[in-house]
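File shown: query-v5.pdb. Contents: PDB, C-alpha atoms.
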```pdb
ATOM      1  CA  MET A 211       0.000   0.000   0.000
ATOM      2  CA  ASN A 212       1.223   3.440  -0.916
ATOM      3  CA  HIS A 213       2.033   5.643   2.124
ATOM      4  CA  ASN A 214       0.526   8.732   0.438
ATOM      5  CA  GLU A 215      -2.991   7.193   0.460
ATOM      6  CA  ARG A 216      -3.360   6.616   4.170
ATOM      7  CA  GLY A 217      -6.105   9.359   4.567
ATOM      8  CA  PHE A 218      -6.951  11.308   7.741
ATOM      9  CA  ILE A 219      -5.438  10.311  11.014
ATOM     10  CA  LEU A 220      -7.455  10.552  14.258
ATOM     11  CA  LEU A 221      -5.790  13.800  15.320
ATOM     12  CA  SER A 222      -6.774  15.508  12.047
ATOM     13  CA  ALA A 223     -10.376  14.409  12.494
ATOM     14  CA  ILE A 224     -10.482  15.762  16.068
ATOM     15  CA  PHE A 225      -9.061  19.142  15.049
ATOM     16  CA  LEU A 226     -11.433  19.375  12.088
ATOM     17  CA  THR A 227     -14.450  18.567  14.286
ATOM     18  CA  LEU A 228     -13.404  21.147  16.880
ATOM     19  CA  ILE A 229     -12.880  23.892  14.310
ATOM     20  CA  LEU A 230     -16.174  23.168  12.549
ATOM     21  CA  SER A 231     -18.072  23.157  15.888
ATOM     22  CA  PHE A 232     -16.682  26.560  16.806
ATOM     23  CA  VAL A 233     -17.546  28.006  13.397
ATOM     24  CA  ALA A 234     -21.098  26.624  13.739
ATOM     25  CA  ALA A 235     -21.444  28.012  17.275
ATOM     26  CA  MET A 236     -20.274  31.471  16.174
ATOM     27  CA  THR A 237     -22.734  31.462  13.241
ATOM     28  CA  LEU A 238     -25.563  30.441  15.547
ATOM     29  CA  GLN A 239     -24.745  33.306  17.942
ATOM     30  CA  THR A 240     -24.837  35.840  15.110
ATOM     31  CA  LEU A 241     -28.170  34.472  13.841
ATOM     32  CA  THR A 242     -29.674  34.677  17.342
ATOM     33  CA  GLN A 243     -28.596  38.308  17.638
ATOM     34  CA  SER A 244     -30.201  39.123  14.285
ATOM     35  CA  LYS A 245     -33.486  37.434  15.266
ATOM     36  CA  ASN A 246     -33.508  39.260  18.579
ATOM     37  CA  SER A 247     -33.155  42.625  16.805
ATOM     38  CA  ASP A 248     -36.227  41.761  14.755
ATOM     39  CA  ALA A 249     -38.162  41.124  17.973
ATOM     40  CA  ALA A 250     -37.084  44.529  19.333
ATOM     41  CA  LEU A 251     -38.290  46.187  16.117
ATOM     42  CA  ARG A 252     -41.682  44.485  16.382
ATOM     43  CA  LEU A 253     -41.936  45.567  20.009
ATOM     44  CA  HIS A 254     -41.264  49.156  18.996
ATOM     45  CA  ALA A 255     -43.917  48.920  16.268
ATOM     46  CA  ILE A 256     -46.480  47.887  18.910
ATOM     47  CA  ASN A 257     -45.469  50.797  21.165
ATOM     48  CA  LEU A 258     -45.783  53.221  18.227
ATOM     49  CA  ALA A 259     -49.250  51.895  17.390
ATOM     50  CA  ASN A 260     -50.317  52.310  21.031
ATOM     51  CA  GLU A 261     -48.977  55.875  20.965
ATOM     52  CA  GLN A 262     -50.992  56.629  17.841
ATOM     53  CA  PHE A 263     -54.141  55.074  19.341
ATOM     54  CA  ALA A 264     -53.699  57.226  22.480
ATOM     55  CA  MET A 265     -53.508  60.400  20.365
ATOM     56  CA  ILE A 266     -56.503  59.330  18.265
ATOM     57  CA  GLU A 267     -58.538  58.496  21.384
ATOM     58  CA  SER A 268     -57.742  61.932  22.785
ATOM     59  CA  LEU A 269     -59.058  63.562  19.597
ATOM     60  CA  ALA A 270     -62.147  61.339  19.724
ATOM     61  CA  ALA A 271     -62.839  62.259  23.362
ATOM     62  CA  GLN A 272     -62.831  65.939  22.391
ATOM     63  CA  GLY A 273     -65.139  65.190  19.452
ATOM     64  CA  ASP A 274     -62.483  66.276  16.932
ATOM     65  CA  LEU A 275     -61.999  62.971  15.157
ATOM     66  CA  THR A 276     -63.232  62.922  11.599
ATOM     67  CA  ALA A 277     -63.026  60.158   9.026
ATOM     68  CA  GLY A 278     -59.905  60.232   6.849
ATOM     69  CA  GLN A 279     -56.168  59.637   6.767
ATOM     70  CA  TYR A 280     -53.861  60.704   9.598
ATOM     71  CA  ASN A 281     -50.076  60.826   9.845
ATOM     72  CA  PHE A 282     -48.238  59.994  13.054
ATOM     73  CA  LEU A 283     -49.574  62.283  15.791
ATOM     74  CA  GLY A 284     -47.103  61.267  18.499
ATOM     75  CA  ASP A 285     -43.515  62.314  19.198
ATOM     76  CA  ALA A 286     -41.645  62.328  15.852
ATOM     77  CA  ASP A 287     -38.407  61.303  17.621
ATOM     78  CA  ASP A 288     -39.993  57.970  18.496
ATOM     79  CA  LEU A 289     -40.003  57.043  14.791
ATOM     80  CA  LYS A 290     -36.217  56.813  14.661
ATOM     81  CA  SER A 291     -34.990  56.642  18.260
ATOM     82  CA  TYR A 292     -35.704  53.341  19.898
ATOM     83  CA  GLY A 293     -34.446  49.939  20.932
ATOM     84  CA  LEU A 294     -30.942  48.796  21.664
ATOM     85  CA  ILE A 295     -28.397  51.593  21.753
ATOM     86  CA  LYS A 296     -24.719  50.663  21.807
ATOM     87  CA  LYS A 297     -22.308  52.338  24.174
ATOM     88  CA  SER A 298     -20.910  54.419  21.304
ATOM     89  CA  ALA A 299     -24.382  56.032  21.177
ATOM     90  CA  GLU A 300     -24.737  54.813  17.598
ATOM     91  CA  LYS A 301     -28.411  54.064  17.160
ATOM     92  CA  ILE A 302     -29.893  51.463  14.880
ATOM     93  CA  PRO A 303     -30.528  53.229  11.554
ATOM     94  CA  VAL A 304     -34.085  52.038  11.012
ATOM     95  CA  GLU A 305     -36.906  54.502  10.495
ATOM     96  CA  PHE A 306     -40.545  53.721  11.092
ATOM     97  CA  GLU A 307     -43.623  55.100   9.378
ATOM     98  CA  VAL A 308     -47.101  55.212  10.896
ATOM     99  CA  LYS A 309     -50.245  55.714   8.813
ATOM    100  CA  THR A 310     -53.764  55.779  10.124
ATOM    101  CA  LYS A 311     -57.188  55.496   8.518
ATOM    102  CA  VAL A 312     -60.316  56.480  10.411
ATOM    103  CA  SER A 313     -63.610  55.325   8.955
ATOM    104  CA  GLY A 314     -67.192  55.698  10.050
ATOM    105  CA  GLY A 315     -68.807  53.082  12.219
ATOM    106  CA  GLU A 316     -72.182  52.722  13.872
ATOM    107  CA  GLY A 317     -73.489  55.783  15.755
ATOM    108  CA  ASN A 318     -70.683  57.525  17.560
ATOM    109  CA  LEU A 319     -68.187  54.708  17.049
ATOM    110  CA  ARG A 320     -65.275  54.962  14.609
ATOM    111  CA  LYS A 321     -62.997  52.271  13.234
ATOM    112  CA  VAL A 322     -59.291  53.175  13.502
ATOM    113  CA  GLU A 323     -56.708  51.243  11.472
ATOM    114  CA  VAL A 324     -53.023  51.855  12.161
ATOM    115  CA  LEU A 325     -50.316  50.592   9.814
ATOM    116  CA  VAL A 326     -46.723  50.616  11.072
ATOM    117  CA  THR A 327     -43.995  49.949   8.472
ATOM    118  CA  TRP A 328     -40.208  49.620   8.696
ATOM    119  CA  LYS A 329     -37.671  48.168   6.268
ATOM    120  CA  ASN A 330     -39.680  45.496   4.400
ATOM    121  CA  PHE A 331     -41.956  44.737   7.339
ATOM    122  CA  GLU A 332     -45.386  45.976   8.345
ATOM    123  CA  MET A 333     -47.840  45.447  11.183
ATOM    124  CA  ASN A 334     -51.557  46.254  11.188
ATOM    125  CA  PHE A 335     -53.557  47.264  14.223
ATOM    126  CA  GLU A 336     -57.254  48.019  14.566
ATOM    127  CA  LYS A 337     -59.393  49.536  17.289
ATOM    128  CA  THR A 338     -62.873  50.987  17.696
ATOM    129  CA  VAL A 339     -63.064  54.344  19.448
ATOM    130  CA  ARG A 340     -65.974  56.380  20.674
ATOM    131  CA  ILE A 341     -66.543  59.996  19.709
ATOM    132  CA  GLY A 342     -67.258  62.299  22.642
ATOM    133  CA  ASP A 343     -66.238  62.312  26.279
ATOM    134  CA  VAL A 344     -66.475  59.197  28.404
ATOM    135  CA  GLU A 345     -69.357  59.355  30.847
ATOM    136  CA  GLU A 346     -68.490  58.648  34.455
TER     137      GLU A 346
ATOM    138  CA  MET B 256      12.422   1.049   7.734
ATOM    139  CA  LYS B 257      13.656   4.629   7.650
ATOM    140  CA  SER B 258      10.297   6.363   6.872
ATOM    141  CA  GLU B 259       8.493   4.872   9.920
ATOM    142  CA  ARG B 260      10.872   5.989  12.650
ATOM    143  CA  GLY B 261       8.361   8.617  14.157
ATOM    144  CA  PHE B 262       8.980  12.273  15.119
ATOM    145  CA  VAL B 263      12.443  13.641  15.190
ATOM    146  CA  LEU B 264      13.481  16.675  17.242
ATOM    147  CA  ILE B 265      13.227  19.100  14.358
ATOM    148  CA  GLU B 266       9.663  17.984  13.559
ATOM    149  CA  PHE B 267       8.701  18.408  17.203
ATOM    150  CA  ILE B 268      10.185  21.927  17.263
ATOM    151  CA  ILE B 269       8.058  22.895  14.264
ATOM    152  CA  ALA B 270       4.878  21.144  15.517
ATOM    153  CA  LEU B 271       4.956  22.580  19.048
ATOM    154  CA  PRO B 272       4.413  26.282  18.141
ATOM    155  CA  LEU B 273       1.714  25.258  15.667
ATOM    156  CA  ILE B 274      -0.162  23.286  18.329
ATOM    157  CA  ILE B 275       0.231  26.138  20.844
ATOM    158  CA  PHE B 276      -1.078  28.596  18.242
ATOM    159  CA  LEU B 277      -4.043  26.346  17.434
ATOM    160  CA  LEU B 278      -4.948  25.755  21.091
ATOM    161  CA  TYR B 279      -4.661  29.484  21.810
ATOM    162  CA  GLY B 280      -7.056  30.180  18.929
ATOM    163  CA  LEU B 281      -9.540  27.579  20.154
ATOM    164  CA  GLY B 282      -9.292  28.964  23.696
ATOM    165  CA  MET B 283      -9.986  32.480  22.479
ATOM    166  CA  ALA B 284     -12.925  31.277  20.393
ATOM    167  CA  THR B 285     -14.359  29.459  23.430
ATOM    168  CA  MET B 286     -14.096  32.610  25.538
ATOM    169  CA  LYS B 287     -15.703  34.653  22.771
ATOM    170  CA  ILE B 288     -18.634  32.227  22.519
ATOM    171  CA  PHE B 289     -19.264  32.284  26.288
ATOM    172  CA  SER B 290     -18.895  36.074  26.395
ATOM    173  CA  THR B 291     -21.303  36.529  23.452
ATOM    174  CA  ALA B 292     -23.829  34.204  25.062
ATOM    175  CA  LYS B 293     -23.583  36.174  28.324
ATOM    176  CA  PHE B 294     -24.121  39.451  26.428
ATOM    177  CA  HIS B 295     -27.115  37.998  24.575
ATOM    178  CA  VAL B 296     -28.772  36.975  27.822
ATOM    179  CA  ALA B 297     -28.004  40.406  29.329
ATOM    180  CA  ASP B 298     -29.505  42.135  26.245
ATOM    181  CA  TYR B 299     -32.620  39.962  26.519
ATOM    182  CA  VAL B 300     -33.028  40.727  30.229
ATOM    183  CA  LEU B 301     -32.592  44.445  29.467
ATOM    184  CA  GLU B 302     -35.274  44.402  26.747
ATOM    185  CA  VAL B 303     -37.781  42.409  28.778
ATOM    186  CA  GLU B 304     -37.257  44.409  31.971
ATOM    187  CA  THR B 305     -37.572  47.770  30.194
ATOM    188  CA  GLN B 306     -40.775  46.808  28.387
ATOM    189  CA  ASP B 307     -42.219  45.189  31.514
ATOM    190  CA  ALA B 308     -41.660  48.360  33.571
ATOM    191  CA  LEU B 309     -43.219  50.495  30.803
ATOM    192  CA  THR B 310     -46.251  48.194  30.598
ATOM    193  CA  ARG B 311     -46.803  48.289  34.376
ATOM    194  CA  ILE B 312     -46.698  52.077  34.422
ATOM    195  CA  THR B 313     -48.955  52.554  31.372
ATOM    196  CA  ASP B 314     -51.482  49.993  32.668
ATOM    197  CA  ASP B 315     -51.876  52.007  35.891
ATOM    198  CA  LEU B 316     -51.935  55.312  34.002
ATOM    199  CA  ARG B 317     -54.838  54.117  31.839
ATOM    200  CA  ALA B 318     -57.087  54.012  34.933
ATOM    201  CA  ALA B 319     -55.862  57.312  36.423
ATOM    202  CA  SER B 320     -58.279  59.969  37.618
ATOM    203  CA  SER B 321     -55.372  62.324  38.314
ATOM    204  CA  VAL B 322     -51.600  62.251  37.870
ATOM    205  CA  LYS B 323     -48.779  64.280  39.394
ATOM    206  CA  ARG B 324     -45.280  64.409  37.969
ATOM    207  CA  SER B 325     -42.155  65.418  39.874
ATOM    208  CA  ASN B 326     -38.428  65.367  39.125
ATOM    209  CA  ALA B 327     -36.599  62.495  40.842
ATOM    210  CA  PHE B 328     -33.097  64.005  40.692
ATOM    211  CA  THR B 329     -32.231  67.613  39.983
ATOM    212  CA  GLY B 330     -30.864  68.137  36.482
ATOM    213  CA  GLU B 331     -31.483  64.563  35.338
ATOM    214  CA  PRO B 332     -34.168  63.387  32.884
ATOM    215  CA  ILE B 333     -35.745  61.095  35.462
ATOM    216  CA  ASP B 334     -39.261  61.687  36.799
ATOM    217  CA  ASN B 335     -41.500  60.232  39.481
ATOM    218  CA  ILE B 336     -45.223  59.830  38.901
ATOM    219  CA  GLU B 337     -48.094  59.678  41.353
ATOM    220  CA  ILE B 338     -51.248  58.083  39.980
ATOM    221  CA  VAL B 339     -54.599  58.432  41.734
ATOM    222  CA  TYR B 340     -57.389  56.163  40.629
ATOM    223  CA  LEU B 341     -60.942  55.667  41.823
ATOM    224  CA  THR B 342     -62.828  52.452  42.303
ATOM    225  CA  LEU B 343     -66.252  51.471  43.659
ATOM    226  CA  ASN B 344     -66.649  49.633  46.947
ATOM    227  CA  SER B 345     -69.836  47.605  46.587
ATOM    228  CA  ASN B 346     -70.027  46.044  50.038
ATOM    229  CA  ALA B 347     -73.356  44.224  50.520
ATOM    230  CA  ASN B 348     -73.905  45.956  53.885
ATOM    231  CA  LEU B 349     -73.757  49.370  52.266
ATOM    232  CA  LYS B 350     -76.890  50.890  50.765
ATOM    233  CA  ASN B 351     -74.930  52.705  48.091
ATOM    234  CA  ASN B 352     -71.627  52.033  46.404
ATOM    235  CA  ILE B 353     -68.809  54.072  47.866
ATOM    236  CA  VAL B 354     -66.122  55.586  45.678
ATOM    237  CA  VAL B 355     -62.707  54.747  47.091
ATOM    238  CA  MET B 356     -59.527  56.551  46.108
ATOM    239  CA  TYR B 357     -56.165  54.779  45.790
ATOM    240  CA  THR B 358     -52.718  56.078  45.008
ATOM    241  CA  GLN B 359     -49.952  54.303  43.140
ATOM    242  CA  ILE B 360     -46.504  55.872  43.045
ATOM    243  CA  TYR B 361     -43.659  54.971  40.675
ATOM    244  CA  SER B 362     -40.513  56.606  41.972
ATOM    245  CA  VAL B 363     -36.902  56.285  40.898
ATOM    246  CA  GLN B 364     -34.429  55.883  43.736
ATOM    247  CA  ARG B 365     -30.732  55.305  44.116
ATOM    248  CA  ALA B 366     -30.988  52.533  46.650
ATOM    249  CA  ARG B 367     -27.779  50.771  45.721
ATOM    250  CA  THR B 368     -24.327  51.876  44.708
ATOM    251  CA  HIS B 369     -24.676  51.171  40.978
ATOM    252  CA  GLY B 370     -27.506  53.412  39.823
ATOM    253  CA  ALA B 371     -31.197  54.215  39.799
ATOM    254  CA  TYR B 372     -34.055  51.719  39.990
ATOM    255  CA  ILE B 373     -37.841  52.093  39.632
ATOM    256  CA  TYR B 374     -39.822  51.463  42.817
ATOM    257  CA  ALA B 375     -43.577  50.941  43.093
ATOM    258  CA  GLN B 376     -45.499  51.981  46.176
ATOM    259  CA  HIS B 377     -49.160  51.575  46.942
ATOM    260  CA  GLN B 378     -50.557  54.079  49.415
ATOM    261  CA  ASN B 379     -51.289  51.482  52.090
ATOM    262  CA  GLU B 380     -47.864  49.908  51.921
ATOM    263  CA  VAL B 381     -45.079  51.288  54.049
ATOM    264  CA  LYS B 382     -42.345  49.663  52.006
ATOM    265  CA  THR B 383     -41.626  50.286  48.359
ATOM    266  CA  SER B 384     -40.903  47.417  45.988
ATOM    267  CA  PRO B 385     -38.318  47.619  43.208
ATOM    268  CA  ILE B 386     -39.732  46.654  39.823
ATOM    269  CA  THR B 387     -36.385  46.849  38.006
ATOM    270  CA  GLY B 388     -32.822  45.741  38.718
ATOM    271  CA  GLY B 389     -31.310  42.892  40.686
ATOM    272  CA  ASN B 390     -31.538  40.317  37.891
ATOM    273  CA  PHE B 391     -28.833  37.629  38.194
ATOM    274  CA  PHE B 392     -28.347  37.548  34.400
ATOM    275  CA  GLY B 393     -27.836  41.288  34.059
ATOM    276  CA  ASP B 394     -28.377  44.233  36.364
ATOM    277  CA  ASN B 395     -30.064  47.205  34.688
ATOM    278  CA  VAL B 396     -30.314  50.828  35.807
ATOM    279  CA  VAL B 397     -32.636  53.637  34.729
ATOM    280  CA  THR B 398     -30.978  56.418  32.722
ATOM    281  CA  ARG B 399     -34.130  58.172  31.499
ATOM    282  CA  LEU B 400     -37.775  58.111  32.554
ATOM    283  CA  GLN B 401     -39.778  61.072  31.339
ATOM    284  CA  TYR B 402     -43.471  61.860  31.240
ATOM    285  CA  THR B 403     -44.790  64.570  28.919
ATOM    286  CA  LYS B 404     -48.282  65.715  27.995
ATOM    287  CA  PRO B 405     -48.642  65.786  24.187
ATOM    288  CA  ALA B 406     -52.446  66.110  24.192
ATOM    289  CA  GLU B 407     -55.450  66.326  26.476
ATOM    290  CA  LYS B 408     -55.665  63.271  28.757
ATOM    291  CA  VAL B 409     -52.593  61.732  27.100
ATOM    292  CA  LEU B 410     -49.255  61.017  28.726
ATOM    293  CA  HIS B 411     -46.141  60.189  26.701
ATOM    294  CA  VAL B 412     -43.798  57.870  28.590
ATOM    295  CA  GLU B 413     -40.157  57.408  27.597
ATOM    296  CA  LEU B 414     -37.995  54.890  29.434
ATOM    297  CA  GLU B 415     -34.327  54.147  28.812
ATOM    298  CA  MET B 416     -32.367  51.615  30.819
ATOM    299  CA  GLU B 417     -28.700  50.608  30.717
ATOM    300  CA  SER B 418     -27.256  47.164  31.288
ATOM    301  CA  LEU B 419     -24.347  47.091  33.716
ATOM    302  CA  VAL B 420     -23.097  43.917  31.991
ATOM    303  CA  THR B 421     -22.888  45.164  28.400
ATOM    304  CA  GLY B 422     -22.972  48.946  28.858
ATOM    305  CA  ARG B 423     -25.714  49.078  26.209
ATOM    306  CA  SER B 424     -28.984  50.932  26.593
ATOM    307  CA  PHE B 425     -32.506  50.022  25.548
ATOM    308  CA  LYS B 426     -35.148  52.660  24.961
ATOM    309  CA  VAL B 427     -38.914  52.253  24.772
ATOM    310  CA  ALA B 428     -41.511  54.968  24.357
ATOM    311  CA  THR B 429     -45.249  55.051  23.982
ATOM    312  CA  ALA B 430     -48.261  57.143  24.949
ATOM    313  CA  VAL B 431     -51.328  56.274  26.976
ATOM    314  CA  PHE B 432     -54.806  57.787  26.888
ATOM    315  CA  MET B 433     -56.373  58.278  30.314
ATOM    316  CA  PRO B 434     -60.154  58.572  29.728
ATOM    317  CA  ALA B 435     -61.045  59.321  33.367
ATOM    318  CA  CYS B 436     -58.187  61.732  34.076
ATOM    319  CA  GLU B 437     -59.350  65.138  35.291
ATOM    320  CA  THR B 438     -56.140  66.631  36.668
ATOM    321  CA  MET B 439     -52.578  66.536  35.376
ATOM    322  CA  ASN B 440     -50.144  68.266  37.738
ATOM    323  CA  GLY B 441     -46.500  69.075  37.117
ATOM    324  CA  PHE B 442     -46.688  69.434  33.330
TER     325      PHE B 442
END
```

Structure encoded using structure tokens:
Amino acid sequence: MNHNERGFILLSAIFLTLILSFVAAMTLQTLTQSKNSDAALRLHAINLANEQFAMIESLAAQGDLTAGQYNFLGDADDLKSYGLIKKSAEKIPVEFEVKTKVSGGEGNLRKVEVLVTWKNFEMNFEKTVRIGDVEE
Amino acid sequence: MKSERGFVLIEFIIALPLIIFLLYGLGMATMKIFSTAKFHVADYVLEVETQDALTRITDDLRAASSVKRSNAFTGEPIDNIEIVYLTLNSNANLKNNIVVMYTQIYSVQRARTHGAYIYAQHQNEVKTSPITGGNFFGDNVVTRLQYTKPAEKVLHVELEMESLVTGRSFKVATAVFMPACETMNGF
């Protein structure tokens, strides 16, 4: 048998396995981080929608809510300042957009649809609000 | 046979630094993996704790009949909030329902050496309870907690917390409509 055809020895196999495991572990860590960022973005979208609903409900309570399209009525800084901020104060460069459609419902009720978009993602929220002050 | 005589000294001299270099690399990679995992857990704890504190505060604000804001520390963007809410006591022995008033206070205090934590206090309780900090997987401190009034009966809440493990901050902000709120003090 030719000496050049003896193949891998045990030590080579061990080293190869170790190196491949570490590469796999590192890749997995990076993927987890990426997925977690997505969760933080979704969380911020929910908070933005709640902020918009609060502003819309305030308008409705004063009787100033009419059917139509509304832009974001909350704090404009919230559209770009959110989530995980690194120590270098470099913020994640993702901007959100909030659009709202108010349509007529039964009596003094109005249907409010809020669409929050960022990057290639979007989330829809819907709520029914009452026009006029809340009776105690 | 000459080719099967094993390692010679010169081969060992060349192999030794290579093995040391390889083991050093693997050791560093191991440390990096453990450190990254620790940071991920700390980031997760930071996100969950920040959102949880915001949710607790906004849930109580939603039922407020009056709110009062005050600055926790001079010159710092950290506020305390006092929330008064009303509820009905419908005891069967009473002819009429009685309106009962309760107060919930969320204050920020420097109770430990590291930084500021949010404490909740109900009016009947003597002690305050911390609702942030003290997590084994990552201690977090409050760096910003501000309440502003953007519209009638609406309170904008902005909370930023910093992890003492990673040094990173997490910010959440939202607004809450308070349908029964008649008085907003300190705005």

Would you mind listing, as a PDB file with C-alpha atoms, in the frame of the given file, all residues of chain B that have at least one atom within 6 Å of chain A, where only C-alpha atoms are what counts?
```pdb
ATOM      1  CA  GLY B 422     -22.972  48.946  28.858  1.00  0.00           C
ATOM      2  CA  ARG B 423     -25.714  49.078  26.209  1.00  0.00           C
ATOM      3  CA  SER B 424     -28.984  50.932  26.593  1.00  0.00           C
ATOM      4  CA  PHE B 425     -32.506  50.022  25.548  1.00  0.00           C
ATOM      5  CA  LYS B 426     -35.148  52.660  24.961  1.00  0.00           C
ATOM      6  CA  VAL B 427     -38.914  52.253  24.772  1.00  0.00           C
ATOM      7  CA  THR B 429     -45.249  55.051  23.982  1.00  0.00           C
ATOM      8  CA  ALA B 430     -48.261  57.143  24.949  1.00  0.00           C
ATOM      9  CA  VAL B 431     -51.328  56.274  26.976  1.00  0.00           C
ATOM     10  CA  PHE B 432     -54.806  57.787  26.888  1.00  0.00           C
TER      11      PHE B 432
END
```

In Å to one decimal, how far is CA of Phe331 (chain A) from CA of Gly314 (chain A)?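 Computing the Euclidean distance for CA of Gly314 (chain A) and CA of Phe331 (chain A) yields 27.6 Å.
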
One-decimal distance in Å that lies between CA of Leu343 (chain B) and CA of Ala308 (chain B): 26.8 Å

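Between CA of Ile265 (chain B) and CA of Thr227 (chain A) the interatomic distance comes to 27.7 Å.
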
Selected residue of minimal separation from Val304 (chain A) among A:Val339, A:Leu226, A:Leu275, A:Leu251, counting only C-alpha atoms: A:Leu251

Distance query Cys436 (chain B) at most 6 Å, all atoms listed in the file, self and fewer than 3 positions along chain excluded, as a count of residues only: 4

Which residues are close to Thr438 (chain B), i.e. within 12 Å by only C-alpha atoms, leaving aside same-chain residues fewer than 5 positions away? Reply as a count of residues only. 16

Close residues, Thr421 (chain B) itself excluded, 8 Å, all atoms listed in the file, min 5 positions apart in chain, as a PyMOL selection string: chain B and resi 294+297-298

Long-range neighbours of Gln376 (chain B) as number ranges by chain, 7 Å cut-off, all atoms listed in the file, 2 positions minimum in chain: B: 359-361, 374, 378, 380, 383-384

Got a sec to resolve the PyMOL selection byres ((chain B and resi 342) around 6) on this structure and send the residues as number ranges by chain? B: 341, 343, 354-355

Store the residues picked out above in a file with C-alpha atoms, as a PDB file, keeping the file's coordinate frame.
```
ATOM      1  CA  LEU B 341     -60.942  55.667  41.823  1.00  0.00           C
ATOM      2  CA  LEU B 343     -66.252  51.471  43.659  1.00  0.00           C
ATOM      3  CA  VAL B 354     -66.122  55.586  45.678  1.00  0.00           C
ATOM      4  CA  VAL B 355     -62.707  54.747  47.091  1.00  0.00           C
TER       5      VAL B 355
END
```

Given the file above and the PyMOL selection byres ((chain A and resi 281) around 8), which residues are selected, and can you give them as JSON, numbers by chain? {"A": [279, 280, 282, 283, 308, 309, 310]}
